[in-house]
$ cat data04.pdb   # PDB, C-alpha atoms, pLDDT in the B column
MODEL        1
ATOM      1  CA  MET X   1     -16.955 -36.391 -40.104  1.00 74.00           C
ATOM      2  CA  THR X   2     -14.357 -39.117 -39.575  1.00 75.00           C
ATOM      3  CA  PHE X   3     -15.151 -42.723 -38.771  1.00 78.00           C
ATOM      4  CA  THR X   4     -12.738 -45.200 -37.269  1.00 79.00           C
ATOM      5  CA  GLY X   5     -12.813 -48.979 -37.069  1.00 78.00           C
ATOM      6  CA  ARG X   6     -10.488 -51.057 -34.953  1.00 77.00           C
ATOM      7  CA  SER X   7     -10.018 -54.805 -34.902  1.00 76.00           C
ATOM      8  CA  ASN X   8      -9.805 -56.642 -31.631  1.00 70.00           C
ATOM      9  CA  GLY X   9      -9.034 -60.221 -32.474  1.00 79.00           C
ATOM     10  CA  THR X  10      -6.648 -62.428 -34.392  1.00 84.00           C
ATOM     11  CA  THR X  11      -7.310 -65.906 -35.709  1.00 84.00           C
ATOM     12  CA  SER X  12      -4.884 -68.402 -37.187  1.00 85.00           C
ATOM     13  CA  ARG X  13      -5.227 -71.547 -39.239  1.00 86.00           C
ATOM     14  CA  PRO X  14      -3.200 -73.548 -41.751  1.00 89.00           C
ATOM     15  CA  GLU X  15      -2.595 -71.560 -44.896  1.00 90.00           C
ATOM     16  CA  ASP X  16      -5.277 -71.854 -47.570  1.00 91.00           C
ATOM     17  CA  LYS X  17      -2.935 -72.021 -50.565  1.00 92.00           C
ATOM     18  CA  ALA X  18      -5.809 -71.753 -53.060  1.00 93.00           C
ATOM     19  CA  ARG X  19      -6.824 -68.473 -51.420  1.00 93.00           C
ATOM     20  CA  THR X  20      -3.203 -67.274 -51.581  1.00 93.00           C
ATOM     21  CA  GLN X  21      -3.082 -68.001 -55.312  1.00 94.00           C
ATOM     22  CA  GLU X  22      -6.433 -66.280 -55.875  1.00 93.00           C
ATOM     23  CA  LEU X  23      -5.312 -63.144 -54.020  1.00 93.00           C
ATOM     24  CA  GLU X  24      -2.025 -63.072 -55.916  1.00 94.00           C
ATOM     25  CA  ARG X  25      -3.880 -63.397 -59.222  1.00 93.00           C
ATOM     26  CA  ARG X  26      -6.342 -60.625 -58.303  1.00 92.00           C
ATOM     27  CA  PHE X  27      -3.541 -58.362 -57.143  1.00 92.00           C
ATOM     28  CA  LYS X  28      -1.652 -58.921 -60.396  1.00 92.00           C
ATOM     29  CA  GLU X  29      -4.787 -58.149 -62.433  1.00 90.00           C
ATOM     30  CA  GLN X  30      -5.446 -55.058 -60.347  1.00 89.00           C
ATOM     31  CA  GLU X  31      -1.942 -53.705 -60.868  1.00 89.00           C
ATOM     32  CA  GLU X  32      -2.037 -54.481 -64.596  1.00 89.00           C
ATOM     33  CA  ALA X  33      -5.384 -52.669 -64.872  1.00 87.00           C
ATOM     34  CA  LYS X  34      -3.871 -49.622 -63.157  1.00 85.00           C
ATOM     35  CA  GLN X  35      -0.886 -49.651 -65.502  1.00 85.00           C
ATOM     36  CA  ALA X  36      -3.156 -49.926 -68.516  1.00 86.00           C
ATOM     37  CA  GLY X  37      -5.550 -47.262 -67.229  1.00 84.00           C
ATOM     38  CA  ARG X  38      -8.461 -49.671 -67.101  1.00 85.00           C
ATOM     39  CA  PRO X  39     -11.254 -49.076 -64.551  1.00 84.00           C
ATOM     40  CA  ASN X  40     -11.399 -50.885 -61.234  1.00 84.00           C
ATOM     41  CA  PRO X  41     -13.384 -54.161 -61.565  1.00 82.00           C
ATOM     42  CA  SER X  42     -15.652 -53.023 -58.722  1.00 82.00           C
ATOM     43  CA  GLY X  43     -16.917 -50.142 -60.856  1.00 84.00           C
ATOM     44  CA  PHE X  44     -15.642 -47.537 -58.385  1.00 87.00           C
ATOM     45  CA  LYS X  45     -12.985 -45.029 -59.265  1.00 89.00           C
ATOM     46  CA  VAL X  46     -10.309 -45.902 -56.760  1.00 90.00           C
ATOM     47  CA  ARG X  47      -7.029 -44.113 -56.228  1.00 88.00           C
ATOM     48  CA  THR X  48      -4.310 -45.355 -53.929  1.00 87.00           C
ATOM     49  CA  SER X  49      -1.225 -43.956 -52.264  1.00 76.00           C
ATOM     50  CA  GLY X  50       1.617 -43.549 -54.690  1.00 65.00           C
ATOM     51  CA  GLN X  51      -0.676 -43.526 -57.701  1.00 60.00           C
ATOM     52  CA  GLN X  52      -0.761 -40.561 -60.058  1.00 55.00           C
ATOM     53  CA  PRO X  53      -4.159 -38.805 -60.268  1.00 53.00           C
TER      54      PRO X  53
ATOM     55  CA  MET V   1      22.062-101.652  23.203  1.00 50.00           C
ATOM     56  CA  PRO V   2      23.140-100.874  19.621  1.00 55.00           C
ATOM     57  CA  ASP V   3      20.607-101.255  16.831  1.00 62.00           C
ATOM     58  CA  ALA V   4      20.701-104.637  15.217  1.00 61.00           C
ATOM     59  CA  PRO V   5      21.861-104.440  11.594  1.00 64.00           C
ATOM     60  CA  LEU V   6      19.142-105.080   9.014  1.00 67.00           C
ATOM     61  CA  HIS V   7      19.073-108.314   7.240  1.00 78.00           C
ATOM     62  CA  PRO V   8      21.389-108.116   4.165  1.00 77.00           C
ATOM     63  CA  VAL V   9      18.538-109.029   1.819  1.00 82.00           C
ATOM     64  CA  ALA V  10      16.274-106.335   3.315  1.00 85.00           C
ATOM     65  CA  THR V  11      19.023-103.727   2.864  1.00 86.00           C
ATOM     66  CA  PHE V  12      19.395-104.719  -0.757  1.00 87.00           C
ATOM     67  CA  TRP V  13      15.657-104.395  -1.476  1.00 89.00           C
ATOM     68  CA  LEU V  14      15.366-101.106   0.391  1.00 91.00           C
ATOM     69  CA  GLY V  15      18.112 -99.769  -1.891  1.00 91.00           C
ATOM     70  CA  VAL V  16      16.301-101.016  -4.956  1.00 93.00           C
ATOM     71  CA  ILE V  17      13.027 -99.398  -3.867  1.00 94.00           C
ATOM     72  CA  ASP V  18      14.871 -96.137  -3.144  1.00 94.00           C
ATOM     73  CA  GLU V  19      16.366 -96.099  -6.649  1.00 95.00           C
ATOM     74  CA  ILE V  20      12.984 -96.900  -8.233  1.00 95.00           C
ATOM     75  CA  ILE V  21      11.317 -94.027  -6.367  1.00 96.00           C
ATOM     76  CA  LYS V  22      14.062 -91.602  -7.447  1.00 96.00           C
ATOM     77  CA  LEU V  23      13.830 -92.749 -11.046  1.00 96.00           C
ATOM     78  CA  ALA V  24      10.025 -92.424 -11.001  1.00 96.00           C
ATOM     79  CA  ALA V  25      10.309 -88.898  -9.559  1.00 96.00           C
ATOM     80  CA  VAL V  26      12.669 -87.832 -12.346  1.00 96.00           C
ATOM     81  CA  PHE V  27      10.449 -89.458 -14.972  1.00 96.00           C
ATOM     82  CA  ILE V  28       7.235 -87.855 -13.631  1.00 96.00           C
ATOM     83  CA  GLY V  29       9.005 -84.485 -13.375  1.00 96.00           C
ATOM     84  CA  ALA V  30      10.133 -84.735 -16.995  1.00 96.00           C
ATOM     85  CA  LEU V  31       6.654 -85.670 -18.160  1.00 95.00           C
ATOM     86  CA  TRP V  32       5.149 -82.760 -16.215  1.00 95.00           C
ATOM     87  CA  THR V  33       7.662 -80.338 -17.726  1.00 92.00           C
ATOM     88  CA  LEU V  34       6.984 -81.672 -21.226  1.00 92.00           C
ATOM     89  CA  PHE V  35       3.224 -81.412 -20.651  1.00 91.00           C
ATOM     90  CA  ASN V  36       3.532 -77.806 -19.500  1.00 89.00           C
ATOM     91  CA  PHE V  37       5.868 -76.951 -22.385  1.00 86.00           C
ATOM     92  CA  ARG V  38       3.446 -78.333 -24.967  1.00 85.00           C
ATOM     93  CA  LYS V  39       0.404 -76.845 -23.256  1.00 84.00           C
ATOM     94  CA  SER V  40       1.899 -73.352 -23.049  1.00 79.00           C
ATOM     95  CA  ARG V  41       3.011 -73.479 -26.733  1.00 76.00           C
ATOM     96  CA  THR V  42       5.954 -71.331 -25.702  1.00 75.00           C
ATOM     97  CA  TYR V  43       7.868 -71.666 -28.954  1.00 79.00           C
ATOM     98  CA  ASN V  44       4.847 -71.906 -31.234  1.00 80.00           C
ATOM     99  CA  GLN V  45       4.092 -69.031 -33.540  1.00 82.00           C
ATOM    100  CA  LYS V  46       1.926 -66.366 -31.986  1.00 85.00           C
ATOM    101  CA  LEU V  47       0.999 -63.207 -33.868  1.00 89.00           C
ATOM    102  CA  ASP V  48      -1.291 -60.449 -32.722  1.00 91.00           C
ATOM    103  CA  LEU V  49      -2.713 -58.423 -35.598  1.00 93.00           C
ATOM    104  CA  GLU V  50      -4.365 -55.045 -35.380  1.00 93.00           C
ATOM    105  CA  VAL V  51      -6.198 -53.159 -38.096  1.00 93.00           C
ATOM    106  CA  VAL V  52      -7.152 -49.541 -37.524  1.00 93.00           C
ATOM    107  CA  GLY V  53      -8.903 -47.800 -40.363  1.00 92.00           C
ATOM    108  CA  THR V  54     -10.366 -44.352 -40.766  1.00 93.00           C
ATOM    109  CA  VAL V  55     -12.621 -42.967 -43.468  1.00 92.00           C
ATOM    110  CA  PHE V  56     -13.965 -39.509 -44.107  1.00 91.00           C
ATOM    111  CA  ILE V  57     -15.759 -37.776 -46.935  1.00 90.00           C
ATOM    112  CA  LYS V  58     -14.348 -34.699 -48.572  1.00 89.00           C
ATOM    113  CA  ASP V  59     -15.952 -34.858 -51.987  1.00 87.00           C
ATOM    114  CA  ASP V  60     -14.251 -38.251 -52.403  1.00 91.00           C
ATOM    115  CA  LEU V  61     -14.395 -40.950 -49.770  1.00 93.00           C
ATOM    116  CA  TYR V  62     -10.906 -41.049 -48.268  1.00 93.00           C
ATOM    117  CA  GLY V  63      -9.544 -43.861 -46.203  1.00 93.00           C
ATOM    118  CA  ASP V  64      -6.399 -44.858 -44.403  1.00 93.00           C
ATOM    119  CA  VAL V  65      -5.461 -48.067 -42.698  1.00 94.00           C
ATOM    120  CA  LEU V  66      -2.741 -48.826 -40.176  1.00 94.00           C
ATOM    121  CA  VAL V  67      -1.911 -52.499 -39.784  1.00 94.00           C
ATOM    122  CA  THR V  68       0.264 -53.846 -36.999  1.00 93.00           C
ATOM    123  CA  ALA V  69       1.623 -57.342 -36.465  1.00 93.00           C
ATOM    124  CA  LYS V  70       3.177 -58.091 -33.085  1.00 93.00           C
ATOM    125  CA  ASN V  71       5.087 -61.273 -32.382  1.00 91.00           C
ATOM    126  CA  ILE V  72       3.890 -62.346 -28.937  1.00 89.00           C
ATOM    127  CA  GLY V  73       5.593 -65.744 -29.110  1.00 85.00           C
ATOM    128  CA  ALA V  74       9.131 -66.728 -28.215  1.00 86.00           C
ATOM    129  CA  SER V  75      10.371 -67.625 -31.681  1.00 86.00           C
ATOM    130  CA  ARG V  76      11.020 -65.617 -34.801  1.00 88.00           C
ATOM    131  CA  HIS V  77       8.267 -65.170 -37.399  1.00 86.00           C
ATOM    132  CA  LEU V  78       9.048 -65.121 -41.100  1.00 88.00           C
ATOM    133  CA  VAL V  79       6.714 -62.886 -43.109  1.00 88.00           C
ATOM    134  CA  GLN V  80       5.686 -64.367 -46.430  1.00 89.00           C
ATOM    135  CA  LYS V  81       4.986 -61.728 -49.061  1.00 88.00           C
ATOM    136  CA  ALA V  82       2.828 -63.966 -51.235  1.00 90.00           C
ATOM    137  CA  GLY V  83      -0.674 -64.011 -49.828  1.00 91.00           C
ATOM    138  CA  SER V  84      -0.192 -61.271 -47.214  1.00 94.00           C
ATOM    139  CA  PHE V  85      -2.700 -58.571 -48.075  1.00 94.00           C
ATOM    140  CA  ILE V  86      -5.102 -56.028 -46.729  1.00 95.00           C
ATOM    141  CA  GLU V  87      -8.349 -56.217 -48.650  1.00 95.00           C
ATOM    142  CA  ILE V  88     -10.596 -53.144 -48.800  1.00 94.00           C
ATOM    143  CA  SER V  89     -14.276 -53.803 -49.473  1.00 94.00           C
ATOM    144  CA  VAL V  90     -17.293 -51.550 -49.491  1.00 94.00           C
ATOM    145  CA  ILE V  91     -20.793 -52.601 -48.539  1.00 94.00           C
ATOM    146  CA  LEU V  92     -23.548 -50.682 -50.254  1.00 92.00           C
ATOM    147  CA  ASP V  93     -27.009 -49.754 -49.047  1.00 90.00           C
ATOM    148  CA  ASP V  94     -28.426 -52.801 -50.838  1.00 92.00           C
ATOM    149  CA  LEU V  95     -25.988 -54.879 -48.722  1.00 92.00           C
ATOM    150  CA  SER V  96     -23.970 -55.967 -51.734  1.00 91.00           C
ATOM    151  CA  GLU V  97     -20.231 -56.158 -51.074  1.00 93.00           C
ATOM    152  CA  HIS V  98     -17.541 -55.094 -53.520  1.00 92.00           C
ATOM    153  CA  ILE V  99     -13.800 -55.520 -53.180  1.00 92.00           C
ATOM    154  CA  VAL V 100     -12.262 -52.231 -54.259  1.00 92.00           C
ATOM    155  CA  GLU V 101      -8.551 -52.643 -53.506  1.00 92.00           C
ATOM    156  CA  LEU V 102      -5.910 -55.117 -52.476  1.00 93.00           C
ATOM    157  CA  PHE V 103      -2.736 -53.865 -50.836  1.00 93.00           C
ATOM    158  CA  GLN V 104       0.379 -55.885 -50.175  1.00 93.00           C
ATOM    159  CA  VAL V 105       1.452 -55.410 -46.559  1.00 92.00           C
ATOM    160  CA  PHE V 106       4.736 -55.581 -44.667  1.00 92.00           C
ATOM    161  CA  THR V 107       6.654 -55.547 -47.926  1.00 88.00           C
ATOM    162  CA  ASN V 108       9.732 -54.121 -46.194  1.00 88.00           C
ATOM    163  CA  ASP V 109       9.887 -56.734 -43.451  1.00 87.00           C
ATOM    164  CA  GLU V 110      11.316 -60.232 -43.771  1.00 87.00           C
ATOM    165  CA  SER V 111      10.747 -61.401 -40.226  1.00 89.00           C
ATOM    166  CA  ILE V 112       9.502 -60.378 -36.780  1.00 91.00           C
ATOM    167  CA  GLU V 113      11.619 -61.083 -33.726  1.00 91.00           C
ATOM    168  CA  PRO V 114       9.978 -62.074 -30.409  1.00 91.00           C
ATOM    169  CA  GLY V 115       8.369 -59.032 -28.816  1.00 91.00           C
ATOM    170  CA  GLU V 116       8.818 -56.946 -31.964  1.00 93.00           C
ATOM    171  CA  SER V 117       5.947 -55.341 -33.856  1.00 93.00           C
ATOM    172  CA  ILE V 118       5.880 -54.139 -37.437  1.00 93.00           C
ATOM    173  CA  LYS V 119       3.512 -51.590 -38.918  1.00 94.00           C
ATOM    174  CA  ASP V 120       2.341 -50.554 -42.347  1.00 92.00           C
ATOM    175  CA  THR V 121       0.019 -47.849 -43.603  1.00 93.00           C
ATOM    176  CA  ARG V 122      -1.965 -47.515 -46.801  1.00 93.00           C
ATOM    177  CA  PHE V 123      -4.146 -44.721 -48.214  1.00 93.00           C
ATOM    178  CA  TRP V 124      -6.913 -44.812 -50.743  1.00 93.00           C
ATOM    179  CA  SER V 125      -9.851 -42.823 -52.047  1.00 93.00           C
ATOM    180  CA  ILE V 126     -13.022 -43.490 -53.970  1.00 92.00           C
ATOM    181  CA  ALA V 127     -14.421 -40.844 -56.295  1.00 90.00           C
ATOM    182  CA  PRO V 128     -18.117 -39.901 -56.139  1.00 88.00           C
ATOM    183  CA  PRO V 129     -20.773 -41.160 -56.163  1.00 87.00           C
ATOM    184  CA  VAL V 130     -20.121 -42.609 -52.714  1.00 86.00           C
ATOM    185  CA  ASP V 131     -23.474 -41.841 -51.095  1.00 87.00           C
ATOM    186  CA  ASN V 132     -24.562 -45.477 -51.315  1.00 89.00           C
ATOM    187  CA  ILE V 133     -21.572 -46.789 -49.314  1.00 92.00           C
ATOM    188  CA  VAL V 134     -22.662 -47.809 -45.823  1.00 93.00           C
ATOM    189  CA  TRP V 135     -19.703 -49.770 -44.467  1.00 94.00           C
ATOM    190  CA  VAL V 136     -16.058 -50.258 -45.328  1.00 94.00           C
ATOM    191  CA  ARG V 137     -14.507 -53.587 -44.396  1.00 95.00           C
ATOM    192  CA  LEU V 138     -10.767 -54.088 -43.916  1.00 95.00           C
ATOM    193  CA  ASP V 139      -9.565 -57.693 -43.941  1.00 94.00           C
ATOM    194  CA  LEU V 140      -5.933 -58.322 -43.047  1.00 95.00           C
ATOM    195  CA  ARG V 141      -4.304 -61.647 -43.894  1.00 94.00           C
ATOM    196  CA  VAL V 142      -0.690 -62.409 -43.023  1.00 93.00           C
ATOM    197  CA  ILE V 143       1.063 -65.610 -44.034  1.00 92.00           C
ATOM    198  CA  SER V 144       3.904 -66.956 -41.930  1.00 88.00           C
ATOM    199  CA  GLU V 145       5.396 -70.416 -42.278  1.00 85.00           C
ATOM    200  CA  GLU V 146       2.351 -72.307 -43.550  1.00 87.00           C
ATOM    201  CA  LEU V 147      -0.036 -70.466 -41.223  1.00 90.00           C
ATOM    202  CA  GLU V 148      -2.418 -67.668 -42.098  1.00 92.00           C
ATOM    203  CA  TRP V 149      -3.323 -65.041 -39.544  1.00 92.00           C
ATOM    204  CA  LYS V 150      -6.403 -62.907 -40.009  1.00 93.00           C
ATOM    205  CA  SER V 151      -8.034 -59.913 -38.485  1.00 93.00           C
ATOM    206  CA  SER V 152     -10.681 -57.539 -39.769  1.00 92.00           C
ATOM    207  CA  SER V 153     -12.284 -54.246 -39.029  1.00 92.00           C
ATOM    208  CA  LEU V 154     -15.592 -52.739 -40.061  1.00 92.00           C
ATOM    209  CA  ILE V 155     -16.094 -49.001 -40.394  1.00 93.00           C
ATOM    210  CA  ARG V 156     -19.558 -47.536 -40.572  1.00 92.00           C
ATOM    211  CA  VAL V 157     -19.855 -44.656 -43.011  1.00 90.00           C
ATOM    212  CA  VAL V 158     -22.604 -42.227 -42.149  1.00 81.00           C
ATOM    213  CA  GLN V 159     -23.345 -39.808 -44.934  1.00 75.00           C
ATOM    214  CA  GLN V 160     -23.532 -36.236 -43.711  1.00 67.00           C
ATOM    215  CA  PRO V 161     -25.013 -33.318 -45.622  1.00 64.00           C
ATOM    216  CA  ASP V 162     -22.194 -31.077 -44.406  1.00 55.00           C
ATOM    217  CA  ASN V 163     -18.774 -32.538 -43.771  1.00 45.00           C
ATOM    218  CA  THR V 164     -17.635 -31.212 -40.415  1.00 44.00           C
ATOM    219  CA  SER V 165     -14.492 -32.107 -38.553  1.00 42.00           C
ATOM    220  CA  ASP V 166     -16.294 -34.106 -35.857  1.00 44.00           C
ATOM    221  CA  THR V 167     -14.871 -37.490 -35.054  1.00 42.00           C
ATOM    222  CA  ASN V 168     -16.857 -40.562 -34.199  1.00 47.00           C
ATOM    223  CA  ASP V 169     -15.085 -43.716 -33.081  1.00 46.00           C
ATOM    224  CA  LEU V 170     -16.561 -47.147 -33.601  1.00 47.00           C
ATOM    225  CA  ASN V 171     -14.823 -50.180 -32.206  1.00 43.00           C
ATOM    226  CA  GLU V 172     -15.826 -53.295 -34.019  1.00 40.00           C
ATOM    227  CA  GLU V 173     -14.400 -56.682 -34.866  1.00 37.00           C
TER     228      GLU V 173
ENDMDL
END

$ encode --input "data04.pdb" --output "structure tokens"
Amino acid sequence: MTFTGRSNGTTSRPEDKARTQELERRFKEQEEAKQAGRPNPSGFKVRTSGQQP
Amino acid sequence: MPDAPLHPVATFWLGVIDEIIKLAAVFIGALWTLFNFRKSRTYNQKLDLEVVGTVFIKDDLYGDVLVTAKNIGASRHLVQKAGSFIEISVILDDLSEHIVELFQVFTNDESIEPGESIKDTRFWSIAPPVDNIVWVRLDLRVISEELEWKSSSLIRVVQQPDNTSDTNDLNEE
């Protein structure tokens, strides 16, 4: 069974630069963990497009 | 009998009043145009984001997400790579939420012209056990010239004993 979700709204506001830095830091950690073969911080085994099984 | 000419002073003041009225009309017209221009935000940035995600279970929980950003304004949008992400979270049956993946989006696009839309797709999977996942949340954040644009989508995951090919659409914010 397939489930679909669709957004129907867009909001805008001045950029939260602290949030930008936090996301960049988390993304960097996530990619480093993948490179090093460490597990996902969430505890789930996650695979993504382009990643070797 | 011919009309008597107006008094020279009256003619002068009628001319002055005429010029004042013309000047006021131009001034009021300019103000009205400026008011409408600012009110309509014609050249302000306007982005319309769409997030469409699908999940299904085939041993693993598989998901895909299609994100679209359409420039509905009249000026060009620059897409900032830093801070533009789609965040995938799962919500478990105890209502705890866990961020499982961050994807950079629109990495191949520098800008969006007026009327243009750009799209990006990402795929992911979560290995079992996934029977305690109830919802998947997709949060899109796009940064453009000091503004952040956000949109999200929530997908309900109903665990089925047998995975058939039925499709169930849920439209949610």

$ atom_distance --input "data04.pdb" --atom1 "CA of Pro114 (chain V)" --atom2 "CA of Leu140 (chain V)"
20.7 Å

$ interface_residues --input "data04.pdb" --of "chain X" --to "chain V" --cutoff "8 Å" --atoms "all atoms listed in the file" --output "ChimeraX atom specification"
/X:1-16,19-21,23-24,27,30,40-42,44-49

$ atom_distance --input "data04.pdb" --atom1 "CA of Val79 (chain V)" --atom2 "CA of Phe106 (chain V)"
7.7 Å

$ atom_distance --input "data04.pdb" --atom1 "CA of Lys22 (chain V)" --atom2 "CA of Asn36 (chain V)"
21.1 Å

$ build_atoms --input "data04.pdb" --residues "region 83-98 of chain V" --atoms "N, CA and C atoms" --output "PDB file, keeping the file's coordinate frame"
ATOM      1  N   GLY V  83       0.535 -63.686 -50.585  1.00 91.00           N
ATOM      2  CA  GLY V  83      -0.674 -64.011 -49.828  1.00 91.00           C
ATOM      3  C   GLY V  83      -0.927 -63.102 -48.646  1.00 91.00           C
ATOM      4  N   SER V  84       0.018 -62.205 -48.325  1.00 94.00           N
ATOM      5  CA  SER V  84      -0.192 -61.271 -47.214  1.00 94.00           C
ATOM      6  C   SER V  84      -0.759 -59.965 -47.778  1.00 94.00           C
ATOM      7  N   PHE V  85      -2.002 -59.709 -47.474  1.00 94.00           N
ATOM      8  CA  PHE V  85      -2.700 -58.571 -48.075  1.00 94.00           C
ATOM      9  C   PHE V  85      -3.634 -57.916 -47.071  1.00 94.00           C
ATOM     10  N   ILE V  86      -3.944 -56.653 -47.349  1.00 95.00           N
ATOM     11  CA  ILE V  86      -5.102 -56.028 -46.729  1.00 95.00           C
ATOM     12  C   ILE V  86      -6.097 -55.815 -47.856  1.00 95.00           C
ATOM     13  N   GLU V  87      -7.306 -56.283 -47.617  1.00 95.00           N
ATOM     14  CA  GLU V  87      -8.349 -56.217 -48.650  1.00 95.00           C
ATOM     15  C   GLU V  87      -9.378 -55.172 -48.217  1.00 95.00           C
ATOM     16  N   ILE V  88      -9.627 -54.208 -49.094  1.00 94.00           N
ATOM     17  CA  ILE V  88     -10.596 -53.144 -48.800  1.00 94.00           C
ATOM     18  C   ILE V  88     -11.882 -53.462 -49.554  1.00 94.00           C
ATOM     19  N   SER V  89     -12.977 -53.563 -48.832  1.00 94.00           N
ATOM     20  CA  SER V  89     -14.276 -53.803 -49.473  1.00 94.00           C
ATOM     21  C   SER V  89     -15.253 -52.733 -49.022  1.00 94.00           C
ATOM     22  N   VAL V  90     -16.215 -52.455 -49.886  1.00 94.00           N
ATOM     23  CA  VAL V  90     -17.293 -51.550 -49.491  1.00 94.00           C
ATOM     24  C   VAL V  90     -18.605 -52.320 -49.527  1.00 94.00           C
ATOM     25  N   ILE V  91     -19.472 -51.985 -48.595  1.00 94.00           N
ATOM     26  CA  ILE V  91     -20.793 -52.601 -48.539  1.00 94.00           C
ATOM     27  C   ILE V  91     -21.807 -51.489 -48.808  1.00 94.00           C
ATOM     28  N   LEU V  92     -22.612 -51.720 -49.811  1.00 92.00           N
ATOM     29  CA  LEU V  92     -23.548 -50.682 -50.254  1.00 92.00           C
ATOM     30  C   LEU V  92     -24.872 -50.776 -49.500  1.00 92.00           C
ATOM     31  N   ASP V  93     -25.737 -49.783 -49.775  1.00 90.00           N
ATOM     32  CA  ASP V  93     -27.009 -49.754 -49.047  1.00 90.00           C
ATOM     33  C   ASP V  93     -27.942 -50.902 -49.419  1.00 90.00           C
ATOM     34  N   ASP V  94     -27.645 -51.596 -50.534  1.00 92.00           N
ATOM     35  CA  ASP V  94     -28.426 -52.801 -50.838  1.00 92.00           C
ATOM     36  C   ASP V  94     -27.752 -54.047 -50.270  1.00 92.00           C
ATOM     37  N   LEU V  95     -26.751 -53.832 -49.414  1.00 92.00           N
ATOM     38  CA  LEU V  95     -25.988 -54.879 -48.722  1.00 92.00           C
ATOM     39  C   LEU V  95     -25.115 -55.724 -49.645  1.00 92.00           C
ATOM     40  N   SER V  96     -24.925 -55.280 -50.861  1.00 91.00           N
ATOM     41  CA  SER V  96     -23.970 -55.967 -51.734  1.00 91.00           C
ATOM     42  C   SER V  96     -22.558 -55.517 -51.363  1.00 91.00           C
ATOM     43  N   GLU V  97     -21.603 -56.452 -51.479  1.00 93.00           N
ATOM     44  CA  GLU V  97     -20.231 -56.158 -51.074  1.00 93.00           C
ATOM     45  C   GLU V  97     -19.321 -56.177 -52.292  1.00 93.00           C
ATOM     46  N   HIS V  98     -18.441 -55.209 -52.368  1.00 92.00           N
ATOM     47  CA  HIS V  98     -17.541 -55.094 -53.520  1.00 92.00           C
ATOM     48  C   HIS V  98     -16.118 -54.876 -53.030  1.00 92.00           C
TER      49      HIS V  98
END
